[in-house]
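In what follows, a single structure is set out as structure tokens and then discussed.
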Amino acid sequence: AQSVSQHNHHVILSEAASLELGCNYSYGGTVNLFWYVQYPGQHLQLLLKYFSGDPLVKGIKGFEAEFIKSKFSFNLRKPSVQWSDTAEYFCAVNARNAGNMLTFGGGTRLMVKP
Amino acid sequence: ETGVTQSPTHLIKTRGQQVTLRCSSQSGHNTVSWYQQALGQGPQFIFQYYREEENGRGNFPPRFSGLQFPNYSSELNVNALELDDSALYLCASSLGLAGETQYFGPGTRLTVL
């Protein structure tokens with residue numbers, strides 16, 4: 001069975017600071033990878049996803065993530081955060097032979113100070 | 001395009017009772033997945049329905065059951081509620097089973113007293 005670890009549970013940054021949120025997964029097979037965001041009072045929304053091809057994927061709102069297969073990692077980055085990026089961020093993995101089941105990490109709560 | 005909707009928004013039940021939560025999938029989607037999100041944790045997969053049949057189940061007891069209807073809407077039923085069932089229940093819809101993106105609804109907040 002697959003598992004996902006997000007090592008940073010809480011992150012506090014000032015506006016314009018750079019962001020990197022870690023995500024590691026454990027699964028020996030081929031995976032699809034996702035980052036979802038949950039803004040205060042809103043539902044989970046897809047930020048970006050990786051299925052195949054270029055391991056550097058770009059998502060909405062200036063976010064990007066890099067899939068490093070050898071490290072089983074899919075870290076999320078943004079060069080300059082804004083106050084509106086305050087939210088909870090979830091990394092999720094889907095094993096290609098496991099239907100459409102998503103395994104989520106525990107989430108990282110990001111607070112951006114204006 | 002209509003997104004995923006869930007009802008009710010909030011629900012309070014007592015231990016031992018039964019509850020039914022409802023989900024309408026996004027237009028054109030034939031797969032519905034249910035997740036439980038306890039406070040401070042990531043969502044956990046309960047089960048998935050594809051074309052009215054269960055197609056995968058997470059580590060949840062049989063008192064968690066579901067249905068999918070011909071219009072691809074879905075229900076999650078939980079019998080003999082326990083205090084630990086208090087959580088946000090999320091429904092997600094997608095098209096097919098090959099790892100397609102899942103689109104989430106706003107959730108139903110269940111409190112068991």
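Scheme for the structure tokens: letters A, B, ... for chains in order shown; per-chain residue numbers from 1; ligand numbers from 1 in order shown.
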Based on only C-alpha atoms, which of the residues in chain B come within 9 Å of chain A? I want them as a list in words.
Thr31, Ser33, Gly40, Gln41, Gly42, Pro43, Gln44, Phe45, Phe47, Gln48, Asn55, Gly56, Arg57, Gly58, Leu90, Ser94, Gly96, Leu97, Ala98, Gly99, Glu100, Thr101, Gln102, Tyr103, Phe104, Gly105, Pro106 and Gly107 of chain B
Please extract the residues of chain A with a backbone DSSP assignment of helix (DSSP H, G or I) and present them as a ChimeraX atom specification.
/A:60-62,69-71,83-85
Serialized selection, N, CA, C and O atoms, as a PDB file, in the first residue's frame:
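Written output follows (out_6.pdb):
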ATOM      1  N   ILE A  60      -1.646  26.262 -11.250  1.00  0.00           N
ATOM      2  CA  ILE A  60      -2.290  27.565 -11.190  1.00  0.00           C
ATOM      3  C   ILE A  60      -1.603  28.451 -10.163  1.00  0.00           C
ATOM      4  O   ILE A  60      -0.856  27.968  -9.300  1.00  0.00           O
ATOM      5  N   LYS A  61      -1.823  29.757 -10.282  1.00  0.00           N
ATOM      6  CA  LYS A  61      -1.385  30.757  -9.308  1.00  0.00           C
ATOM      7  C   LYS A  61       0.121  30.762  -9.086  1.00  0.00           C
ATOM      8  O   LYS A  61       0.589  31.089  -7.995  1.00  0.00           O
ATOM      9  N   GLY A  62       0.890  30.376 -10.100  1.00  0.00           N
ATOM     10  CA  GLY A  62       2.341  30.463 -10.026  1.00  0.00           C
ATOM     11  C   GLY A  62       3.028  29.318  -9.300  1.00  0.00           C
ATOM     12  O   GLY A  62       4.234  29.369  -9.067  1.00  0.00           O
ATOM     13  N   LYS A  69      11.978  11.020  -9.209  1.00  0.00           N
ATOM     14  CA  LYS A  69      11.633   9.603  -9.047  1.00  0.00           C
ATOM     15  C   LYS A  69      12.587   8.902  -8.090  1.00  0.00           C
ATOM     16  O   LYS A  69      12.171   8.100  -7.253  1.00  0.00           O
ATOM     17  N   SER A  70      13.873   9.224  -8.191  1.00  0.00           N
ATOM     18  CA  SER A  70      14.878   8.543  -7.366  1.00  0.00           C
ATOM     19  C   SER A  70      14.710   8.857  -5.888  1.00  0.00           C
ATOM     20  O   SER A  70      15.152   8.094  -5.024  1.00  0.00           O
ATOM     21  N   LYS A  71      14.083   9.977  -5.599  1.00  0.00           N
ATOM     22  CA  LYS A  71      13.874  10.379  -4.205  1.00  0.00           C
ATOM     23  C   LYS A  71      12.432  10.172  -3.758  1.00  0.00           C
ATOM     24  O   LYS A  71      12.079  10.522  -2.634  1.00  0.00           O
ATOM     25  N   TRP A  83      -0.243  36.932   0.439  1.00  0.00           N
ATOM     26  CA  TRP A  83      -1.128  36.714   1.572  1.00  0.00           C
ATOM     27  C   TRP A  83      -2.270  35.762   1.188  1.00  0.00           C
ATOM     28  O   TRP A  83      -2.685  34.909   1.981  1.00  0.00           O
ATOM     29  N   SER A  84      -2.736  35.851  -0.057  1.00  0.00           N
ATOM     30  CA  SER A  84      -3.853  35.028  -0.513  1.00  0.00           C
ATOM     31  C   SER A  84      -3.475  33.546  -0.667  1.00  0.00           C
ATOM     32  O   SER A  84      -4.349  32.710  -0.933  1.00  0.00           O
ATOM     33  N   ASP A  85      -2.196  33.218  -0.512  1.00  0.00           N
ATOM     34  CA  ASP A  85      -1.781  31.807  -0.559  1.00  0.00           C
ATOM     35  C   ASP A  85      -1.972  31.110   0.784  1.00  0.00           C
ATOM     36  O   ASP A  85      -1.730  29.898   0.891  1.00  0.00           O
TER      37      ASP A  85
END
I'd like to know which of B:Thr111, B:Gln17, B:Gln26, B:Asn77 is closest to Ile46 in chain B, using only C-alpha atoms.
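Residue with the minimum atom-to-atom distance to Ile46 in chain B: B:Asn77.
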Find, counting only C-alpha atoms, the residue in B:Ser74, B:Asn30, B:Ser24, B:Ser65 that gets nearest to Gln6 in chain B.
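The closest residue to Gln6 in chain B is B:Ser24.
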Distance query Arg22 in chain B at most 9 Å, only C-alpha atoms, self and fewer than 6 positions along chain excluded, as a PyMOL selection string:
chain B and resi 5-8+73-77+91+108
Okay, now the selection with N, CA, C and O atoms, as a PDB file, in the first residue's frame?
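out02.pdb written:
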ATOM      1  N   THR B   5     -21.635  18.696  -5.730  1.00  0.00           N
ATOM      2  CA  THR B   5     -22.410  19.239  -4.606  1.00  0.00           C
ATOM      3  C   THR B   5     -22.662  18.140  -3.590  1.00  0.00           C
ATOM      4  O   THR B   5     -22.763  16.951  -3.953  1.00  0.00           O
ATOM      5  N   GLN B   6     -22.765  18.537  -2.327  1.00  0.00           N
ATOM      6  CA  GLN B   6     -23.001  17.580  -1.247  1.00  0.00           C
ATOM      7  C   GLN B   6     -24.072  18.138  -0.314  1.00  0.00           C
ATOM      8  O   GLN B   6     -24.177  19.342  -0.116  1.00  0.00           O
ATOM      9  N   SER B   7     -24.838  17.206   0.258  1.00  0.00           N
ATOM     10  CA  SER B   7     -25.834  17.607   1.251  1.00  0.00           C
ATOM     11  C   SER B   7     -25.943  16.533   2.328  1.00  0.00           C
ATOM     12  O   SER B   7     -25.718  15.354   2.067  1.00  0.00           O
ATOM     13  N   PRO B   8     -26.270  16.945   3.567  1.00  0.00           N
ATOM     14  CA  PRO B   8     -26.354  18.328   4.022  1.00  0.00           C
ATOM     15  C   PRO B   8     -24.956  18.921   4.239  1.00  0.00           C
ATOM     16  O   PRO B   8     -23.965  18.224   4.090  1.00  0.00           O
ATOM     17  N   SER B  73     -25.079  10.077  -9.219  1.00  0.00           N
ATOM     18  CA  SER B  73     -25.047  10.626  -7.863  1.00  0.00           C
ATOM     19  C   SER B  73     -24.811   9.478  -6.892  1.00  0.00           C
ATOM     20  O   SER B  73     -24.918   8.293  -7.275  1.00  0.00           O
ATOM     21  N   SER B  74     -24.495   9.811  -5.654  1.00  0.00           N
ATOM     22  CA  SER B  74     -24.078   8.756  -4.732  1.00  0.00           C
ATOM     23  C   SER B  74     -24.519   9.065  -3.311  1.00  0.00           C
ATOM     24  O   SER B  74     -24.791  10.219  -2.959  1.00  0.00           O
ATOM     25  N   GLU B  75     -24.614   8.010  -2.520  1.00  0.00           N
ATOM     26  CA  GLU B  75     -24.890   8.134  -1.093  1.00  0.00           C
ATOM     27  C   GLU B  75     -23.825   7.405  -0.300  1.00  0.00           C
ATOM     28  O   GLU B  75     -23.315   6.369  -0.741  1.00  0.00           O
ATOM     29  N   LEU B  76     -23.512   7.951   0.854  1.00  0.00           N
ATOM     30  CA  LEU B  76     -22.669   7.272   1.839  1.00  0.00           C
ATOM     31  C   LEU B  76     -23.539   7.054   3.065  1.00  0.00           C
ATOM     32  O   LEU B  76     -24.140   7.992   3.579  1.00  0.00           O
ATOM     33  N   ASN B  77     -23.630   5.811   3.510  1.00  0.00           N
ATOM     34  CA  ASN B  77     -24.391   5.466   4.703  1.00  0.00           C
ATOM     35  C   ASN B  77     -23.443   4.984   5.786  1.00  0.00           C
ATOM     36  O   ASN B  77     -22.534   4.196   5.505  1.00  0.00           O
ATOM     37  N   CYS B  91     -16.809  14.127  -0.966  1.00  0.00           N
ATOM     38  CA  CYS B  91     -17.132  13.366  -2.163  1.00  0.00           C
ATOM     39  C   CYS B  91     -16.311  13.957  -3.304  1.00  0.00           C
ATOM     40  O   CYS B  91     -16.128  15.186  -3.374  1.00  0.00           O
ATOM     41  N   THR B 108     -19.476  17.355   3.902  1.00  0.00           N
ATOM     42  CA  THR B 108     -20.498  17.363   4.953  1.00  0.00           C
ATOM     43  C   THR B 108     -19.789  17.198   6.284  1.00  0.00           C
ATOM     44  O   THR B 108     -19.041  16.238   6.477  1.00  0.00           O
TER      45      THR B 108
END
Please provide the set of residues having any atom within 7 Å of Leu81 in chain B, restricted to only C-alpha atoms, with same-chain residues fewer than 5 positions apart removed, written as a list in words.
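Here the answer would be Arg15, Gly16, Gln17 and Gln18 of chain B.
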Go ahead and write the selection's residues with N, CA, C and O atoms as a short mmCIF file (atom, residue, chain, number, x, y, z; two decimals), in the first residue's frame.
data_model
loop_
_atom_site.label_atom_id
_atom_site.label_comp_id
_atom_site.auth_asym_id
_atom_site.auth_seq_id
_atom_site.Cartn_x
_atom_site.Cartn_y
_atom_site.Cartn_z
N ARG B 15 -24.43 8.79 19.14
CA ARG B 15 -23.84 7.45 19.00
C ARG B 15 -24.93 6.41 18.77
O ARG B 15 -25.99 6.45 19.40
N GLY B 16 -24.66 5.48 17.87
CA GLY B 16 -25.59 4.41 17.58
C GLY B 16 -26.57 4.71 16.46
O GLY B 16 -27.17 3.79 15.90
N GLN B 17 -26.73 6.00 16.13
CA GLN B 17 -27.64 6.35 15.06
C GLN B 17 -27.04 6.02 13.70
O GLN B 17 -25.88 5.64 13.57
N GLN B 18 -27.85 6.20 12.67
CA GLN B 18 -27.44 5.97 11.30
C GLN B 18 -27.52 7.30 10.54
O GLN B 18 -28.33 8.16 10.88
#
Residue nearest Glu64 in chain A - candidates A:Gly29, A:Gln82, A:Asn8, A:Leu21, atoms counted: only C-alpha atoms
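Ranking A:Gly29, A:Gln82, A:Asn8, A:Leu21 by distance to Glu64 in chain A, first place goes to A:Leu21.
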Determine the nearest neighbour of Phe60 in chain B from the options B:Leu83, B:Tyr72, B:Lys13, B:Tyr35, counting only C-alpha atoms.
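Distance minimum relative to Phe60 in chain B lands on B:Tyr35.
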